[in-house]
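Novice: Data file structure-v6.cif (mmCIF, C-alpha atoms) is appended below.
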data_model
#
loop_
_atom_site.group_PDB
_atom_site.id
_atom_site.type_symbol
_atom_site.label_atom_id
_atom_site.label_comp_id
_atom_site.auth_asym_id
_atom_site.auth_seq_id
_atom_site.Cartn_x
_atom_site.Cartn_y
_atom_site.Cartn_z
ATOM 1 C CA MET W 1 -20.571 24.667 42.179
ATOM 2 C CA THR W 2 -23.355 25.299 39.693
ATOM 3 C CA ARG W 3 -21.116 27.611 37.668
ATOM 4 C CA PHE W 4 -18.377 24.945 37.458
ATOM 5 C CA ALA W 5 -20.891 22.315 36.363
ATOM 6 C CA ASP W 6 -22.266 24.673 33.694
ATOM 7 C CA TYR W 7 -18.747 25.488 32.510
ATOM 8 C CA LYS W 8 -17.866 21.790 32.378
ATOM 9 C CA THR W 9 -21.021 21.051 30.353
ATOM 10 C CA PHE W 10 -20.170 23.973 28.065
ATOM 11 C CA ARG W 11 -16.646 22.612 27.507
ATOM 12 C CA LEU W 12 -17.953 19.121 26.759
ATOM 13 C CA ALA W 13 -20.354 20.555 24.180
ATOM 14 C CA ILE W 14 -17.831 22.878 22.532
ATOM 15 C CA LEU W 15 -14.913 20.432 22.290
ATOM 16 C CA PRO W 16 -16.556 17.979 19.822
ATOM 17 C CA ALA W 17 -17.862 20.890 17.745
ATOM 18 C CA ALA W 18 -14.390 22.433 17.597
ATOM 19 C CA LEU W 19 -12.808 19.122 16.626
ATOM 20 C CA LEU W 20 -15.390 18.432 13.916
ATOM 21 C CA SER W 21 -15.014 21.905 12.425
ATOM 22 C CA GLY W 22 -11.310 21.237 11.825
ATOM 23 C CA ILE W 23 -11.775 17.936 10.009
ATOM 24 C CA GLN W 24 -10.492 17.877 6.452
ATOM 25 C CA ALA W 25 -10.125 15.155 3.852
ATOM 26 C CA ALA W 26 -7.097 12.937 4.402
ATOM 27 C CA HIS W 27 -5.550 10.940 1.573
ATOM 28 C CA ALA W 28 -3.239 8.119 2.583
ATOM 29 C CA THR W 29 -2.261 7.333 -1.007
ATOM 30 C CA ASN W 30 -2.210 9.116 -4.329
ATOM 31 C CA GLY W 31 -3.988 6.200 -6.005
ATOM 32 C CA ASP W 32 -0.763 4.647 -7.269
ATOM 33 C CA GLN W 33 0.783 3.158 -4.137
ATOM 34 C CA MET W 34 -0.853 0.410 -2.120
ATOM 35 C CA LEU W 35 -1.340 1.027 1.608
ATOM 36 C CA GLY W 36 -0.157 -2.490 2.384
ATOM 37 C CA VAL W 37 -0.017 -5.986 0.958
ATOM 38 C CA THR W 38 -2.508 -7.882 3.154
ATOM 39 C CA ALA W 39 -5.994 -7.212 4.517
ATOM 40 C CA THR W 40 -4.564 -6.573 7.978
ATOM 41 C CA GLN W 41 -2.148 -3.977 6.628
ATOM 42 C CA TRP W 42 -4.931 -2.276 4.662
ATOM 43 C CA GLY W 43 -7.069 -2.267 7.806
ATOM 44 C CA MET W 44 -4.266 -0.437 9.624
ATOM 45 C CA ALA W 45 -3.896 2.066 6.742
ATOM 46 C CA GLY W 46 -0.383 0.762 6.124
ATOM 47 C CA ALA W 47 0.914 1.710 9.592
ATOM 48 C CA VAL W 48 2.580 -1.661 10.174
ATOM 49 C CA VAL W 49 6.345 -1.058 10.093
ATOM 50 C CA ALA W 50 6.544 -0.539 13.862
ATOM 51 C CA ALA W 51 3.550 -2.755 14.662
ATOM 52 C CA PRO W 52 3.715 -5.871 12.450
ATOM 53 C CA GLN W 53 0.574 -7.989 12.533
ATOM 54 C CA ASP W 54 1.014 -10.724 9.929
ATOM 55 C CA ALA W 55 3.465 -12.493 7.634
ATOM 56 C CA GLY W 56 3.296 -9.589 5.180
ATOM 57 C CA THR W 57 5.819 -7.889 7.455
ATOM 58 C CA ALA W 58 8.484 -9.639 5.375
ATOM 59 C CA LEU W 59 7.871 -6.848 2.837
ATOM 60 C CA THR W 60 7.654 -3.912 5.234
ATOM 61 C CA ASN W 61 9.906 -4.776 8.196
ATOM 62 C CA PRO W 62 11.526 -8.236 8.185
ATOM 63 C CA ALA W 63 12.386 -7.985 11.896
ATOM 64 C CA GLY W 64 8.664 -8.239 12.583
ATOM 65 C CA LEU W 65 8.723 -11.945 11.682
ATOM 66 C CA ALA W 66 10.081 -12.633 15.180
ATOM 67 C CA THR W 67 7.255 -10.752 16.915
ATOM 68 C CA LEU W 68 4.229 -12.589 15.487
ATOM 69 C CA GLY W 69 4.122 -15.333 18.126
ATOM 70 C CA ILE W 70 4.427 -18.095 15.528
ATOM 71 C CA GLU W 71 4.561 -21.620 16.912
ATOM 72 C CA GLU W 72 5.356 -23.347 13.602
ATOM 73 C CA VAL W 73 4.140 -21.595 10.461
ATOM 74 C CA ARG W 74 1.789 -18.800 9.439
ATOM 75 C CA PHE W 75 0.276 -17.920 6.047
ATOM 76 C CA ASP W 76 -1.505 -14.679 5.153
ATOM 77 C CA LEU W 77 -2.878 -14.553 1.602
ATOM 78 C CA GLY W 78 -5.348 -12.335 -0.175
ATOM 79 C CA PHE W 79 -6.264 -10.055 -3.038
ATOM 80 C CA GLY W 80 -6.712 -6.324 -2.998
ATOM 81 C CA MET W 81 -8.396 -3.966 -5.399
ATOM 82 C CA LEU W 82 -6.764 -0.676 -6.336
ATOM 83 C CA ASN W 83 -9.569 1.500 -7.654
ATOM 84 C CA PRO W 84 -8.559 5.144 -7.991
ATOM 85 C CA PRO W 85 -11.052 6.995 -10.241
ATOM 86 C CA ARG W 86 -9.262 9.076 -12.845
ATOM 87 C CA SER W 87 -10.498 11.810 -15.140
ATOM 88 C CA VAL W 88 -9.129 14.629 -17.288
ATOM 89 C CA THR W 89 -10.723 17.876 -18.407
ATOM 90 C CA GLN W 90 -10.010 19.248 -21.885
ATOM 91 C CA ASN W 91 -11.715 22.364 -23.271
ATOM 92 C CA GLY W 92 -14.304 22.236 -20.506
ATOM 93 C CA VAL W 93 -15.223 18.590 -21.181
ATOM 94 C CA ASN W 94 -14.573 15.961 -18.490
ATOM 95 C CA TYR W 95 -13.397 12.523 -19.661
ATOM 96 C CA GLU W 96 -13.494 9.505 -17.347
ATOM 97 C CA SER W 97 -10.952 6.694 -17.612
ATOM 98 C CA GLU W 98 -12.545 3.433 -18.756
ATOM 99 C CA SER W 99 -10.065 1.355 -16.772
ATOM 100 C CA ASN W 100 -10.222 1.943 -13.019
ATOM 101 C CA ALA W 101 -9.854 -1.381 -11.205
ATOM 102 C CA TYR W 102 -6.552 -3.214 -10.678
ATOM 103 C CA LEU W 103 -6.355 -6.546 -8.911
ATOM 104 C CA MET W 104 -3.394 -6.837 -6.543
ATOM 105 C CA PRO W 105 -2.508 -10.319 -5.249
ATOM 106 C CA ALA W 106 -0.549 -10.440 -2.024
ATOM 107 C CA GLY W 107 0.614 -12.843 0.609
ATOM 108 C CA GLY W 108 3.231 -13.886 3.069
ATOM 109 C CA ALA W 109 4.494 -16.957 4.860
ATOM 110 C CA ALA W 110 6.518 -17.113 8.070
ATOM 111 C CA PHE W 111 8.272 -20.100 9.640
ATOM 112 C CA LYS W 112 9.730 -20.576 13.092
ATOM 113 C CA ILE W 113 13.140 -22.266 12.836
ATOM 114 C CA ASP W 114 13.869 -22.152 16.571
ATOM 115 C CA ASP W 115 13.120 -19.900 19.541
ATOM 116 C CA ALA W 116 15.228 -17.079 18.096
ATOM 117 C CA LEU W 117 15.375 -17.544 14.304
ATOM 118 C CA TYR W 118 12.469 -16.997 11.911
ATOM 119 C CA PHE W 119 12.248 -17.149 8.130
ATOM 120 C CA GLY W 120 9.621 -15.557 5.932
ATOM 121 C CA MET W 121 8.692 -14.578 2.428
ATOM 122 C CA GLY W 122 6.311 -11.941 1.186
ATOM 123 C CA MET W 123 4.936 -11.245 -2.275
ATOM 124 C CA GLY W 124 2.601 -8.513 -3.339
ATOM 125 C CA GLY W 125 1.666 -5.799 -5.748
ATOM 126 C CA VAL W 126 2.902 -2.595 -4.178
ATOM 127 C CA SER W 127 1.999 -0.173 -6.943
ATOM 128 C CA GLY W 128 0.042 -0.098 -10.150
ATOM 129 C CA SER W 129 -2.356 1.968 -12.113
ATOM 130 C CA GLY W 130 -3.107 3.282 -15.536
ATOM 131 C CA VAL W 131 -5.649 5.101 -17.640
ATOM 132 C CA ASP W 132 -7.741 4.325 -20.690
ATOM 133 C CA PHE W 133 -9.164 7.469 -22.269
ATOM 134 C CA ALA W 134 -10.815 6.636 -25.584
ATOM 135 C CA ASP W 135 -10.726 10.247 -26.776
ATOM 136 C CA THR W 136 -9.442 13.319 -24.943
ATOM 137 C CA ALA W 137 -9.504 16.048 -27.549
ATOM 138 C CA PRO W 138 -11.869 17.288 -30.242
ATOM 139 C CA GLY W 139 -10.895 16.873 -33.857
ATOM 140 C CA ALA W 140 -10.459 14.166 -36.427
ATOM 141 C CA GLY W 141 -8.743 10.917 -35.593
ATOM 142 C CA SER W 142 -8.231 8.995 -32.404
ATOM 143 C CA GLN W 143 -6.945 10.966 -29.440
ATOM 144 C CA ALA W 144 -6.711 7.975 -27.109
ATOM 145 C CA ILE W 145 -4.380 7.933 -24.116
ATOM 146 C CA VAL W 146 -3.694 4.525 -22.576
ATOM 147 C CA THR W 147 -1.146 3.631 -19.901
ATOM 148 C CA THR W 148 -0.516 0.619 -17.679
ATOM 149 C CA LYS W 149 1.894 0.281 -14.803
ATOM 150 C CA GLN W 150 2.556 -2.662 -12.475
ATOM 151 C CA PHE W 151 5.056 -3.060 -9.658
ATOM 152 C CA TYR W 152 5.412 -6.345 -7.741
ATOM 153 C CA LYS W 153 7.840 -7.292 -5.022
ATOM 154 C CA ILE W 154 9.043 -10.625 -3.641
ATOM 155 C CA ALA W 155 11.004 -10.491 -0.400
ATOM 156 C CA PRO W 156 12.529 -13.565 1.244
ATOM 157 C CA GLY W 157 13.976 -12.670 4.615
ATOM 158 C CA PHE W 158 14.752 -13.672 8.166
ATOM 159 C CA ALA W 159 14.503 -12.300 11.676
ATOM 160 C CA TYR W 160 16.525 -12.990 14.778
ATOM 161 C CA LYS W 161 15.072 -12.405 18.238
ATOM 162 C CA VAL W 162 17.885 -10.846 20.259
ATOM 163 C CA GLY W 163 15.735 -10.427 23.367
ATOM 164 C CA GLU W 164 12.158 -9.859 24.478
ATOM 165 C CA ARG W 165 12.259 -6.233 23.317
ATOM 166 C CA LEU W 166 14.594 -6.404 20.317
ATOM 167 C CA SER W 167 14.484 -8.283 17.024
ATOM 168 C CA LEU W 168 16.655 -7.730 13.961
ATOM 169 C CA GLY W 169 15.861 -8.755 10.418
ATOM 170 C CA ALA W 170 16.856 -8.467 6.783
ATOM 171 C CA SER W 171 15.312 -9.337 3.439
ATOM 172 C CA LEU W 172 16.273 -9.463 -0.214
ATOM 173 C CA ASN W 173 13.971 -7.416 -2.452
ATOM 174 C CA ILE W 174 13.272 -8.839 -5.893
ATOM 175 C CA ASP W 175 11.237 -6.300 -7.849
ATOM 176 C CA PHE W 176 9.351 -6.529 -11.125
ATOM 177 C CA GLN W 177 7.993 -3.491 -12.904
ATOM 178 C CA SER W 178 6.075 -3.139 -16.153
ATOM 179 C CA LEU W 179 5.071 0.016 -18.008
ATOM 180 C CA ALA W 180 3.363 0.785 -21.320
ATOM 181 C CA MET W 181 2.115 4.089 -22.743
ATOM 182 C CA TYR W 182 0.176 5.065 -25.830
ATOM 183 C CA THR W 183 -0.679 8.628 -26.833
ATOM 184 C CA PRO W 184 -1.382 10.339 -30.157
ATOM 185 C CA ALA W 185 2.161 11.742 -30.041
ATOM 186 C CA TYR W 186 4.139 8.572 -29.263
ATOM 187 C CA GLN W 187 3.999 4.932 -28.243
ATOM 188 C CA PHE W 188 6.028 3.232 -25.515
ATOM 189 C CA PRO W 189 5.611 -0.548 -25.885
ATOM 190 C CA GLN W 190 5.222 -2.839 -22.879
ATOM 191 C CA ASN W 191 8.497 -2.720 -20.970
ATOM 192 C CA GLN W 192 9.387 -5.201 -18.229
ATOM 193 C CA VAL W 193 12.373 -4.883 -15.913
ATOM 194 C CA TYR W 194 13.661 -6.533 -12.740
ATOM 195 C CA GLY W 195 15.429 -4.859 -9.876
ATOM 196 C CA TYR W 196 17.062 -6.014 -6.663
ATOM 197 C CA GLY W 197 17.542 -4.431 -3.289
ATOM 198 C CA PHE W 198 18.030 -5.107 0.379
ATOM 199 C CA SER W 199 16.016 -4.174 3.471
ATOM 200 C CA ALA W 200 17.029 -4.247 7.113
ATOM 201 C CA GLY W 201 14.739 -3.761 10.088
ATOM 202 C CA ALA W 202 14.638 -3.646 13.845
#
Before we go any further, please render this structure as structure tokens.
Specialist:
Amino acid sequence: MTRFADYKTFRLAILPAALLSGIQAAHATNGDQMLGVTATQWGMAGAVVAAPQDAGTALTNPAGLATLGIEEVRFDLGFGMLNPPRSVTQNGVNYESESNAYLMPAGGAAFKIDDALYFGMGMGGVSGSGVDFADTAPGAGSQAIVTTKQFYKIAPGFAYKVGERLSLGASLNIDFQSLAMYTPAYQFPQNQVYGYGFSAGA
């Protein structure tokens, strides 16, 4: 009995050490894509398609509108900060970008039409970034590199509760994207385009 107890204690001591020794850095985003569009979605590291928690599900899985337990209406609004540090190394010199923070507004609203039908709308910045390097190479003249990128989405949609364990939904995706680039070699002026798509969920 003593041997078993010692072995059990040994296992309990070794298991955490083995788990900790295998831990490595995990990156859920490359700094360009948002993890979600509301504080709840950020808190769940963006894992909300199968487990919707708020009205922002109109952007990720419109069928989730029917699973929120809404009695009349629900609003989820907020702002997020995308802050990926960026740097570049040229000839052994490290240059830091002077523009790191991007404000991302987001929100969603969901309405209960009846016991089975729900309507919602989500809006949020889903991607965006850029750099602002004042000078990235030795030599005469400005060697600045500046870029900006923004990607916003608006998604009106609906959900229908087929049963207690099944809801279906669809949304229209209205997308807006903007991009500008400036380098010593060329300039790409601010460009703004709209796009449209369709999402279905269950």
Novice: Using the chain letters and numbers from this file, what does the PyMOL selection byres ((chain W and resi 48-64) around 6) select? Give the answer as a list in words.
Specialist: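 What the PyMOL selection byres ((chain W and resi 48-64) around 6) grabs from the file is Gly46, Ala47, Leu65, Ala66, Thr67, Asp76, Gly108, Ala109, Ala110, Met121, Gly122, Ala155, Ala159, Ser167, Leu168, Gly169, Ala170, Gly201 and Ala202 of chain W.
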Novice: Name the residues that the PyMOL selection byres ((chain W and resi 72) around 7) pulls out of this structure, and write them as number ranges by chain.
Specialist: W: 70-71, 73, 111-112
Novice: Do you have the atom CA of W:Ser178-atom CA of W:Val126 distance handy?
Specialist: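 These two atoms are separated by 12.4 Å.
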Novice: For atom CA of W:Leu68 and atom CA of W:Gly36, determine how far apart the two atoms are, in Å to one decimal place.
Specialist: 17.1 Å
Novice: Could you jot down the atom CA of W:Asn91 to atom CA of W:Lys149 separation for me, Å, one decimal place?
Specialist: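 Interatomic distance, atom CA of W:Asn91 to atom CA of W:Lys149: 27.3 Å.
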Novice: Exactly which residues make up the result of the PyMOL selection byres ((chain W and resi 195) around 7) on this file, given as a PyMOL selection string?
Specialist: chain W and resi 174-176+193-194+196-197
Novice: Counting all atoms listed in the file, figure out which residue out of W:Gly128, W:Pro85, W:Gly69, W:Gly120 gets nearest to W:Pro105.
Specialist: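 Result for the nearest residue to W:Pro105: W:Gly128.
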Novice: Of the candidates W:Leu166, W:Ile145, W:Leu35, W:Ile154, which shows the shortest atom-to-atom distance to W:Tyr182, using all atoms listed in the file?
Specialist: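 Checking each candidate against W:Tyr182, we get W:Ile145 as the closest.
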Novice: Can you work out which one of W:Gly130, W:Glu96, W:Thr38, W:Tyr160 has the shortest atom-to-atom distance to W:Val146, counting all atoms listed in the file?
Specialist: W:Gly130
Novice: Between W:Ala185, W:Leu179, W:Leu103, W:Leu172, which is the closest to W:Phe198 once you count only C-alpha atoms?
Specialist: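 Closest to W:Phe198, using only C-alpha atoms: W:Leu172.
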Novice: Nearest residue to W:Met123 out of W:Asn173, W:Ser99, W:Asn83, W:Thr148, using only C-alpha atoms?
Specialist: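 Of W:Asn173, W:Ser99, W:Asn83, W:Thr148, the one nearest W:Met123 is W:Asn173, counting only C-alpha atoms.
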Novice: Counting all atoms listed in the file, figure out which residue out of W:Gly157, W:Val162, W:Met34, W:Asp114 gets nearest to W:Tyr102.
Specialist: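 With all atoms listed in the file as the atom set, the closest residue is W:Met34.
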